[in-house]
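> My structure file run_9.cif, mmCIF, C-alpha atoms, is below:
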data_query
#
loop_
_atom_site.label_atom_id
_atom_site.label_comp_id
_atom_site.auth_asym_id
_atom_site.auth_seq_id
_atom_site.Cartn_x
_atom_site.Cartn_y
_atom_site.Cartn_z
CA MET A 19 -6.07 -37.42 14.77
CA GLY A 20 -4.24 -34.21 13.82
CA VAL A 21 -5.33 -31.80 11.12
CA ASN A 22 -2.77 -30.38 8.73
CA PRO A 23 -2.78 -26.57 9.11
CA ARG A 24 -2.93 -24.27 6.11
CA VAL A 25 0.03 -21.94 5.91
CA ARG A 26 0.54 -18.99 3.57
CA ILE A 27 4.11 -18.35 2.47
CA LEU A 28 5.45 -15.17 0.89
CA VAL A 29 8.54 -15.84 -1.21
CA ILE A 30 10.68 -12.86 -2.27
CA SER A 31 13.22 -14.02 -4.80
CA GLU A 32 14.38 -13.57 -8.37
CA HIS A 33 13.44 -17.24 -8.93
CA PRO A 34 10.57 -18.00 -6.48
CA ASP A 35 9.63 -21.18 -8.38
CA ARG A 36 12.85 -22.84 -7.26
CA ILE A 37 12.10 -22.13 -3.61
CA MET A 38 8.50 -23.31 -3.92
CA LYS A 39 9.70 -26.50 -5.61
CA GLY A 40 11.95 -27.18 -2.63
CA ILE A 41 9.08 -26.57 -0.20
CA GLY A 42 6.80 -28.80 -2.29
CA SER A 43 9.22 -31.67 -1.94
CA ALA A 44 8.57 -31.78 1.80
CA PHE A 45 5.04 -30.41 2.12
CA THR A 46 1.78 -30.66 0.19
CA ILE A 47 1.02 -27.56 -1.86
CA LYS A 48 -2.55 -27.13 -3.05
CA PRO A 49 -2.70 -27.18 -6.88
CA GLY A 50 -3.26 -23.74 -8.36
CA SER A 51 -2.58 -21.95 -5.08
CA GLN A 52 0.71 -20.42 -6.19
CA LYS A 53 0.30 -16.88 -7.47
CA GLU A 54 1.80 -13.42 -7.23
CA PRO A 55 1.09 -11.78 -3.84
CA ASP A 56 -1.86 -9.42 -3.59
CA LEU A 57 -2.08 -8.82 0.18
CA TYR A 58 0.52 -8.52 2.92
CA LEU A 59 -0.14 -7.40 6.51
CA GLY A 60 -3.18 -5.41 5.44
CA ALA A 61 -1.49 -3.78 2.44
CA GLN A 62 -2.49 -4.43 -1.14
CA ILE A 63 0.40 -5.56 -3.35
CA GLU A 64 0.21 -5.04 -7.10
CA LYS A 65 2.22 -4.24 -10.22
CA HIS A 66 2.49 -0.59 -11.27
CA CYS A 67 3.80 0.88 -14.50
CA ILE A 68 6.12 3.91 -14.33
CA TYR A 69 7.12 5.55 -17.56
CA ASP A 70 10.83 5.05 -18.15
CA SER A 71 12.29 6.11 -21.49
CA SER A 72 14.89 3.33 -21.31
CA GLU A 73 12.35 0.66 -20.35
CA PRO A 74 8.86 1.94 -21.30
CA THR A 75 7.09 -1.38 -20.62
CA LYS A 76 8.72 -2.16 -17.27
CA THR A 77 6.49 -2.59 -14.22
CA ARG A 78 7.37 -2.28 -10.56
CA TRP A 79 5.80 -3.59 -7.39
CA ALA A 80 3.61 -1.16 -5.45
CA MET A 81 1.91 -1.15 -2.04
CA SER A 82 -1.27 0.60 -0.96
CA CYS A 83 -3.52 0.53 2.10
CA ASN A 84 -6.73 1.60 0.35
CA SER A 85 -8.72 -1.48 1.38
CA TYR A 86 -7.43 -1.34 4.95
CA VAL A 87 -8.39 2.35 5.23
CA SER A 88 -11.85 1.69 3.77
CA ASN A 89 -12.51 -1.15 6.21
CA ALA A 90 -11.18 0.89 9.13
CA ILE A 91 -13.57 3.76 8.32
CA LYS A 92 -16.53 1.37 8.22
CA THR A 93 -15.50 -0.16 11.54
CA VAL A 94 -15.15 3.24 13.19
CA LYS A 95 -18.56 4.41 11.98
CA ASN A 96 -20.24 1.24 13.25
CA SER A 97 -18.47 1.31 16.62
CA MET A 98 -19.52 4.90 17.28
CA LYS A 99 -23.06 3.71 17.83
CA ASP A 100 -21.89 1.83 20.92
CA VAL A 101 -19.77 4.68 22.30
CA GLY A 102 -22.07 7.63 21.50
CA GLY A 103 -21.68 11.37 21.82
CA MET A 104 -19.50 11.90 18.74
CA THR A 105 -19.85 12.99 15.13
CA PHE A 106 -17.80 11.09 12.59
CA LEU A 107 -17.70 13.66 9.82
CA PRO A 108 -17.19 17.29 10.91
CA LYS A 109 -19.09 20.02 9.15
CA GLY A 110 -17.51 21.79 6.18
CA ARG A 111 -14.74 20.73 3.82
CA ILE A 112 -12.05 18.39 5.11
CA GLU A 113 -8.74 19.37 3.51
CA THR A 114 -6.31 18.55 6.31
CA PRO A 115 -6.04 15.67 8.84
CA LEU A 116 -6.47 18.09 11.77
CA LYS A 117 -8.64 21.18 11.84
CA LYS A 118 -6.87 24.34 10.75
CA GLY A 119 -5.19 26.06 13.69
CA TYR A 120 -5.85 23.23 16.13
CA LYS A 121 -3.25 22.80 18.91
CA PRO A 122 -3.76 19.59 20.91
CA GLU A 123 -1.62 20.86 23.79
CA LEU A 124 -4.04 23.79 24.30
CA ASP A 125 -7.17 21.64 24.34
CA ASN A 126 -8.88 22.06 27.73
CA SER A 127 -12.07 20.11 27.08
CA ALA A 128 -13.26 17.49 29.56
CA GLU A 129 -11.26 14.30 29.98
CA LEU A 130 -12.73 11.11 28.53
CA ASP A 131 -14.33 8.46 30.69
CA PRO A 132 -12.65 5.01 30.83
CA ALA A 133 -14.78 3.50 28.04
CA ARG A 134 -14.07 6.32 25.59
CA LEU A 135 -10.42 6.39 26.69
CA ASN A 136 -10.06 2.78 25.55
CA TYR A 137 -11.87 3.67 22.35
CA TYR A 138 -9.43 6.54 21.73
CA GLN A 139 -6.45 4.24 22.26
CA GLY A 140 -7.88 1.73 19.80
CA LEU A 141 -8.36 4.41 17.14
CA ILE A 142 -4.75 5.57 17.57
CA GLY A 143 -3.58 1.97 17.13
CA VAL A 144 -5.45 1.70 13.82
CA LEU A 145 -4.05 5.03 12.62
CA ARG A 146 -0.52 4.05 13.55
CA TRP A 147 -0.74 0.96 11.38
CA ILE A 148 -2.14 3.02 8.50
CA CYS A 149 0.97 5.20 8.84
CA GLU A 150 3.16 2.08 8.73
CA LEU A 151 1.40 1.06 5.50
CA GLY A 152 2.47 4.27 3.80
CA ARG A 153 0.01 7.10 4.51
CA LEU A 154 2.70 9.72 5.01
CA ASP A 155 0.21 12.61 5.08
CA ILE A 156 -1.16 11.63 8.50
CA VAL A 157 2.13 10.71 10.22
CA LEU A 158 2.51 14.05 12.03
CA PRO A 159 -1.13 14.35 13.18
CA VAL A 160 -1.07 10.79 14.52
CA SER A 161 2.23 11.49 16.27
CA LEU A 162 0.78 14.59 17.93
CA MET A 163 -2.42 12.84 19.04
CA SER A 164 -0.49 9.80 20.32
CA ARG A 165 1.01 11.97 23.04
CA TYR A 166 -2.35 11.92 24.86
CA LEU A 167 -2.93 8.18 25.07
CA ALA A 168 -2.83 8.24 28.89
CA SER A 169 -5.41 11.01 29.42
CA PRO A 170 -7.12 12.15 26.22
CA ARG A 171 -9.85 14.76 26.16
CA TRP A 172 -13.04 15.11 24.17
CA GLY A 173 -11.36 17.54 21.82
CA HIS A 174 -8.59 15.04 21.13
CA LEU A 175 -11.11 12.32 20.33
CA ASN A 176 -12.99 14.59 17.92
CA GLN A 177 -9.72 15.42 16.15
CA VAL A 178 -8.86 11.73 15.79
CA LEU A 179 -12.26 11.21 14.20
CA HIS A 180 -11.47 14.19 11.98
CA ILE A 181 -8.41 12.24 10.74
CA PHE A 182 -10.68 9.37 9.75
CA GLY A 183 -12.94 11.88 7.98
CA TYR A 184 -9.90 13.11 6.06
CA LEU A 185 -9.00 9.52 5.14
CA LYS A 186 -12.51 8.97 3.85
CA LYS A 187 -12.16 11.91 1.45
CA TYR A 188 -8.54 11.19 0.45
CA ASN A 189 -8.73 7.43 0.53
CA ARG A 190 -6.23 6.48 -2.15
CA SER A 191 -2.44 6.42 -2.16
CA LYS A 192 0.23 4.11 -3.52
CA MET A 193 3.89 3.57 -2.70
CA VAL A 194 5.88 2.28 -5.67
CA PHE A 195 9.04 0.26 -5.12
CA ASP A 196 11.10 2.27 -7.59
CA GLU A 197 14.63 0.88 -7.79
CA SER A 198 15.98 3.54 -10.17
CA MET A 199 18.84 5.70 -8.97
CA PRO A 200 18.14 9.37 -8.14
CA SER A 201 20.30 12.01 -9.82
CA PHE A 202 21.97 14.92 -8.05
CA ASP A 203 24.01 17.91 -9.16
CA GLU A 204 27.32 16.81 -7.68
CA SER A 205 29.10 20.10 -8.39
CA SER A 206 26.74 22.47 -6.60
CA ASP A 207 24.63 20.48 -4.13
CA PHE A 208 27.23 18.90 -1.86
CA VAL A 209 30.01 20.65 0.03
CA THR A 210 33.33 18.79 0.27
CA GLY A 211 36.41 19.41 2.36
CA ASP A 212 39.55 17.86 3.86
CA TRP A 213 38.64 16.37 7.24
CA SER A 214 41.96 14.62 7.98
CA GLU A 215 43.17 17.36 10.32
CA TYR A 216 39.97 17.51 12.38
CA TYR A 217 38.83 13.86 12.53
CA PRO A 218 41.84 11.76 11.41
CA ASP A 219 40.42 8.48 12.78
CA ALA A 220 36.87 8.88 11.49
CA ARG A 221 35.71 5.64 9.82
CA GLU A 222 32.29 4.25 9.06
CA ALA A 223 31.37 1.14 11.05
CA ILE A 224 31.50 -1.70 8.52
CA PRO A 225 30.31 -5.13 9.77
CA LEU A 226 33.18 -7.60 9.54
CA ASP A 227 30.85 -10.58 9.17
CA MET A 228 28.59 -9.12 6.48
CA PRO A 229 27.70 -11.43 3.57
CA GLN A 230 29.11 -10.92 0.11
CA ALA A 231 27.22 -8.11 -1.60
CA ARG A 232 25.07 -9.17 -4.54
CA GLY A 233 22.99 -7.40 -7.15
CA ASN A 234 23.00 -3.77 -8.21
CA SER A 235 24.27 -1.03 -5.95
CA VAL A 236 21.79 1.13 -4.03
CA CYS A 237 22.14 4.60 -2.56
CA MET A 238 20.49 6.25 0.44
CA SER A 239 18.98 9.71 0.71
CA CYS A 240 17.45 11.50 3.69
CA PHE A 241 15.37 14.65 4.09
CA GLU A 242 15.26 16.08 7.62
CA ASP A 243 13.54 19.06 9.24
CA ALA A 244 12.63 20.53 12.62
CA ASP A 245 9.76 22.74 13.78
CA HIS A 246 11.39 25.09 16.27
CA ALA A 247 9.42 25.49 19.53
CA GLY A 248 6.36 23.99 17.86
CA ASP A 249 4.75 22.96 21.16
CA THR A 250 3.21 26.15 22.54
CA VAL A 251 3.16 24.81 26.12
CA THR A 252 6.58 23.18 26.55
CA ARG A 253 8.26 24.99 23.63
CA ARG A 254 9.91 21.77 22.55
CA SER A 255 10.67 21.37 18.86
CA HIS A 256 9.53 18.56 16.60
CA THR A 257 11.87 16.44 14.44
CA GLY A 258 10.85 14.83 11.16
CA LEU A 259 12.77 12.86 8.58
CA ILE A 260 12.25 10.46 5.70
CA ILE A 261 14.87 8.07 4.28
CA PHE A 262 14.94 6.65 0.76
CA VAL A 263 16.79 3.71 -0.75
CA ASN A 264 17.12 4.76 -4.38
CA ARG A 265 13.66 6.28 -4.98
CA LEU A 266 11.73 4.19 -2.46
CA PRO A 267 10.90 5.63 0.99
CA ILE A 268 11.75 2.97 3.59
CA LEU A 269 11.56 4.88 6.89
CA TRP A 270 9.75 7.97 8.16
CA TYR A 271 10.04 9.54 11.60
CA SER A 272 8.10 12.23 13.45
CA LYS A 273 8.70 12.90 17.13
CA THR A 274 8.97 15.72 19.66
CA GLU A 275 12.53 16.48 20.75
CA ASN A 276 13.56 15.76 24.33
CA THR A 277 15.05 19.19 25.03
CA VAL A 278 14.02 22.83 24.63
CA GLU A 279 16.22 24.67 22.13
CA SER A 280 16.54 28.44 22.19
CA SER A 281 17.14 28.78 18.45
CA THR A 282 16.13 27.26 15.13
CA PHE A 283 19.79 26.37 14.61
CA GLY A 284 19.74 24.25 17.79
CA SER A 285 16.57 22.35 16.97
CA GLU A 286 17.78 21.69 13.41
CA PHE A 287 21.10 20.36 14.71
CA ILE A 288 19.29 18.02 17.10
CA ALA A 289 17.25 16.76 14.14
CA MET A 290 20.41 16.25 12.09
CA LYS A 291 21.98 14.21 14.89
CA GLN A 292 18.87 12.03 15.10
CA ALA A 293 19.02 11.50 11.34
CA VAL A 294 22.70 10.51 11.50
CA GLU A 295 22.07 7.88 14.18
CA ILE A 296 19.18 6.34 12.24
CA ILE A 297 21.16 6.40 8.98
CA GLU A 298 24.13 4.63 10.57
CA GLY A 299 21.90 1.84 11.87
CA LEU A 300 20.16 1.41 8.51
CA ARG A 301 23.44 1.33 6.56
CA TYR A 302 24.71 -1.42 8.87
CA LYS A 303 21.48 -3.39 8.39
CA ILE A 304 21.48 -2.99 4.59
CA ARG A 305 25.02 -4.31 4.38
CA MET A 306 24.13 -7.28 6.58
CA MET A 307 21.27 -8.06 4.18
CA GLY A 308 23.77 -8.33 1.33
CA PHE A 309 23.03 -5.12 -0.59
CA PRO A 310 25.98 -3.16 -2.00
CA LEU A 311 25.83 0.47 -0.85
CA GLU A 312 27.05 3.18 -3.19
CA GLY A 313 28.64 6.22 -1.58
CA PRO A 314 27.50 8.12 1.51
CA CYS A 315 23.89 8.87 2.38
CA ASN A 316 22.72 12.12 0.80
CA VAL A 317 21.20 14.27 3.55
CA PHE A 318 19.10 17.32 2.66
CA CYS A 319 18.48 20.08 5.20
CA ASP A 320 16.77 23.46 4.74
CA ASN A 321 18.83 25.27 7.39
CA ASN A 322 21.92 26.77 5.78
CA ALA A 323 23.78 27.27 9.09
CA VAL A 324 23.51 23.55 9.91
CA VAL A 325 24.62 22.62 6.39
CA GLN A 326 27.70 24.85 6.62
CA ASN A 327 28.66 23.81 10.17
CA THR A 328 28.37 20.13 9.33
CA SER A 329 30.04 20.09 5.92
CA ARG A 330 32.82 22.68 6.24
CA PRO A 331 35.78 21.50 8.39
CA GLU A 332 36.90 25.04 9.30
CA SER A 333 33.57 26.03 10.87
CA GLN A 334 33.37 26.43 14.65
CA ILE A 335 30.51 26.17 17.12
CA LYS A 336 29.96 28.76 19.82
CA LYS A 337 27.20 27.09 21.83
CA LYS A 338 28.67 24.50 24.16
CA HIS A 339 25.44 22.57 24.75
CA LEU A 340 25.22 21.76 21.02
CA SER A 341 28.77 20.43 20.82
CA ILE A 342 27.69 16.77 21.00
CA SER A 343 25.34 17.09 18.03
CA TYR A 344 27.89 19.26 16.24
CA HIS A 345 30.74 16.74 16.48
CA ARG A 346 28.45 13.73 16.00
CA CYS A 347 27.28 15.01 12.61
CA ARG A 348 30.66 16.32 11.48
CA GLU A 349 32.37 13.03 12.34
CA ALA A 350 29.78 11.14 10.28
CA HIS A 351 30.54 13.49 7.39
CA ALA A 352 34.29 12.95 7.81
CA ALA A 353 33.80 9.17 7.91
CA GLY A 354 31.95 9.20 4.60
CA THR A 355 28.68 8.03 6.16
CA ILE A 356 26.79 11.13 5.04
CA ARG A 357 27.17 14.17 2.83
CA ILE A 358 24.94 17.19 3.22
CA ALA A 359 23.27 19.63 0.85
CA LYS A 360 20.93 22.59 1.24
CA GLU A 361 17.32 21.89 0.28
CA GLY A 362 14.77 24.63 -0.22
CA THR A 363 12.04 24.90 2.41
CA ASN A 364 9.29 24.60 -0.19
CA THR A 365 10.60 21.25 -1.47
CA ASN A 366 11.81 19.68 1.77
CA ILE A 367 9.69 16.54 2.03
CA ALA A 368 10.40 16.22 5.77
CA ALA A 369 8.36 19.38 6.43
CA MET A 370 5.15 17.33 6.37
CA PHE A 371 6.46 15.43 9.43
CA THR A 372 7.09 18.58 11.48
CA LYS A 373 4.47 21.18 10.52
CA LEU A 374 0.70 21.09 10.04
CA LEU A 375 0.62 22.29 6.45
CA GLN A 376 -2.23 23.49 4.27
CA GLY A 377 -3.95 20.73 2.32
CA THR A 378 -2.54 21.61 -1.10
CA LYS A 379 1.04 21.89 0.21
CA LEU A 380 0.72 18.65 2.18
CA ARG A 381 -0.39 16.70 -0.87
CA GLU A 382 2.28 18.33 -3.03
CA LEU A 383 5.05 17.10 -0.71
CA CYS A 384 3.42 13.67 -0.50
CA SER A 385 3.49 13.40 -4.27
CA TYR A 386 7.30 13.34 -4.18
CA ALA A 387 7.18 10.03 -2.30
CA LEU A 388 3.80 8.52 -3.23
CA TRP A 389 1.75 7.95 -6.39
#
Using C-alpha cells, write down the structure that the file contains.

Amino acid sequence: MGVNPRVRILVISEHPDRIMKGIGSAFTIKPGSQKEPDLYLGAQIEKHCIYDSSEPTKTRWAMSCNSYVSNAIKTVKNSMKDVGGMTFLPKGRIETPLKKGYKPELDNSAELDPARLNYYQGLIGVLRWICELGRLDIVLPVSLMSRYLASPRWGHLNQVLHIFGYLKKYNRSKMVFDESMPSFDESSDFVTGDWSEYYPDAREAIPLDMPQARGNSVCMSCFEDADHAGDTVTRRSHTGLIIFVNRLPILWYSKTENTVESSTFGSEFIAMKQAVEIIEGLRYKIRMMGFPLEGPCNVFCDNNAVVQNTSRPESQIKKKHLSISYHRCREAHAAGTIRIAKEGTNTNIAAMFTKLLQGTKLRELCSYALW
C-alpha cells in the first residue's frame, strides 16, 4: 500500500491563490498549510519595508542567509573536534574575511593530509553556497581559497576558518528585492556617438520566439573592475563584476583572468569583455522569461581609457592582442546592448570582488547592494 508523499510548492505569482486552487482540484492540500514563504534553499524569505516617499507603506520581499550562516558556524565548530589541530577563532579583532596582507599563493605551509583535505573541500562548499545566498563580502576570499581545492595547505585551512570567524562577527545581511528604477545623469554619465560607419551591421540578438512581454519595464546595470597583476606568483589579474536588474543584484562574479596582461588597461578591457558576454546572455534570458527590457545595460567602469575606447567611435587601439576585446565591447555598444560611463574608484561596487579591502571600505561597498 503506497503512502502519499508530502510536497512543498513555492508559487510565485501576482495571484497565487488561483494557482493553488487549481492544484487543490487534483491533489489534497492540508488545511491551513498555505502561507507566505519563509524559507527557500536555506535562505530566509521575509517582507521588508523601504522608505519611499511615493509609497511610504509599501513592503518588498527580502532574502537573508542569517540562519544558514549561524547553523554552518555551529557545525564547523563541532566538526573541528573530530579533525583536530585547528583554532576556530583567531586571536585579535576580525574585521576582514582574510587576515590583512595574506596572500594565499605565497603560503608555503605543509600540505594537508587526506582527511583534512576533504574537510577543507567541504568548508569551501558551504562558503560557496553562502555566497550564492547573498553574502557579497566574502565572494572574493572564497574565490581565492577555492583555487587550492586540489592541494590545500595548513595556512589555507586556517584562513578558511578565519572566514567563518568573520561570519560569526558579521552574521547579518539582507538582500531586498527592490523593483524601483535607478536614476542616472543622462547628460554627463554616458558617452554617445554615431557608430554606423564603424559597425553598420551591429544588432542585439533578440530571440524570435520570445513570449509577449508583460508587466513593467526593467533596466540592467553592471559594475565591473579588474585587479591588475593581483596574483604575485603568476601575475594574472582578477575580474569582478555585479549586475543589477533595477536595484536588485542578480549576479556577481569573481574570477582570475586566463591571461597575463602587461597593463591595467589590458586587464580592465578583458574584464569589460567578460561583462559584455555575461550581459548578453542575461538579456536574452530575461526576454525569454517575458520581462520587457528598457534600453541598454548601463555599465560602469573606473578606468577612463577603457570607457573612452569603448564608447567613442573614433578611438583606435594600438595593442593588437587586445583587438578582440576592443571590438567585442565596441560592437556591443554600437548594437545598443550596453552603454558605458566612468565610475569613481571609491564607489565602484565591483572593487570588493577584485581587491581585499579594509573592513570599513568593504562594508561600505556592500551597503550599496545589501541592507
> Name the residues that the PyMOL selection byres ((chain A and resi 291) around 8) picks from the file above, as a PyMOL selection string, using the file's chain letters and numbers.
chain A and resi 287-290+292-295+343-344+346-347
> Name the residues that the PyMOL selection byres ((chain A and resi 28) around 9) picks from the file above, as a ChimeraX atom specification, using the file's chain letters and numbers.
/A:26-27,29-30,55,58
> Considering all atoms listed in the file, give me a table of residues in stretch 182-216 of chain A that are at most 7 Å from stretch 250-273 of chain A, with the closest atom pair and distance in Å for each, as a Markdown table.

| residue | atom | partner | partner_atom | distance |
| --- | --- | --- | --- | --- |
| A:Val194 | CA | A:Leu266 | CA | 6.9 |
| A:Phe195 | CA | A:Leu266 | CA | 5.5 |
| A:Asp196 | CA | A:Arg265 | CA | 5.4 |
| A:Glu197 | CA | A:Asn264 | CA | 5.7 |
| A:Ser198 | CA | A:Asn264 | CA | 6.0 |
| A:Met199 | CA | A:Asn264 | CA | 5.0 |
| A:Pro200 | CA | A:Asn264 | CA | 6.0 |
> Counting all atoms listed in the file, which of A:Glu222, A:Leu383, A:Ala128, A:Asp35 gets nearest to A:Asn364?
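Of A:Glu222, A:Leu383, A:Ala128, A:Asp35, the one nearest A:Asn364 is A:Leu383, counting all atoms listed in the file.
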> Starting from the shown file, work through the PyMOL selection byres ((chain A and resi 59) around 10) and note down what comes out as number ranges by chain.
A: 57-58, 60-62, 83, 86, 147, 151
> Could you jot down the atom CA of A:Cys319 to atom CA of A:Cys240 separation for me, Å, one decimal place?
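Interatomic distance, atom CA of A:Cys319 to atom CA of A:Cys240: 8.8 Å.
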> Let me make sure I understand: among A:Gly211, A:Pro310, A:Gly377, A:Gly233, which one has the smallest atom-to-atom distance to A:Arg357 if we use all atoms listed in the file?
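Looking only at the distances to A:Arg357, the closest residue turns out to be A:Gly211.
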> List the spatial neighbours of stretch 326-329 of chain A as a list in words - criterion: any atom at most 9 Å away, only C-alpha atoms, same-chain residues fewer than 6 positions off excluded.
Phe208, Val209, Thr210, Gly211, Ile335, Tyr344, His345, Cys347, Arg348, Glu349, His351, Ala352, Arg357, Ile358, Ala359 and Lys360 of chain A
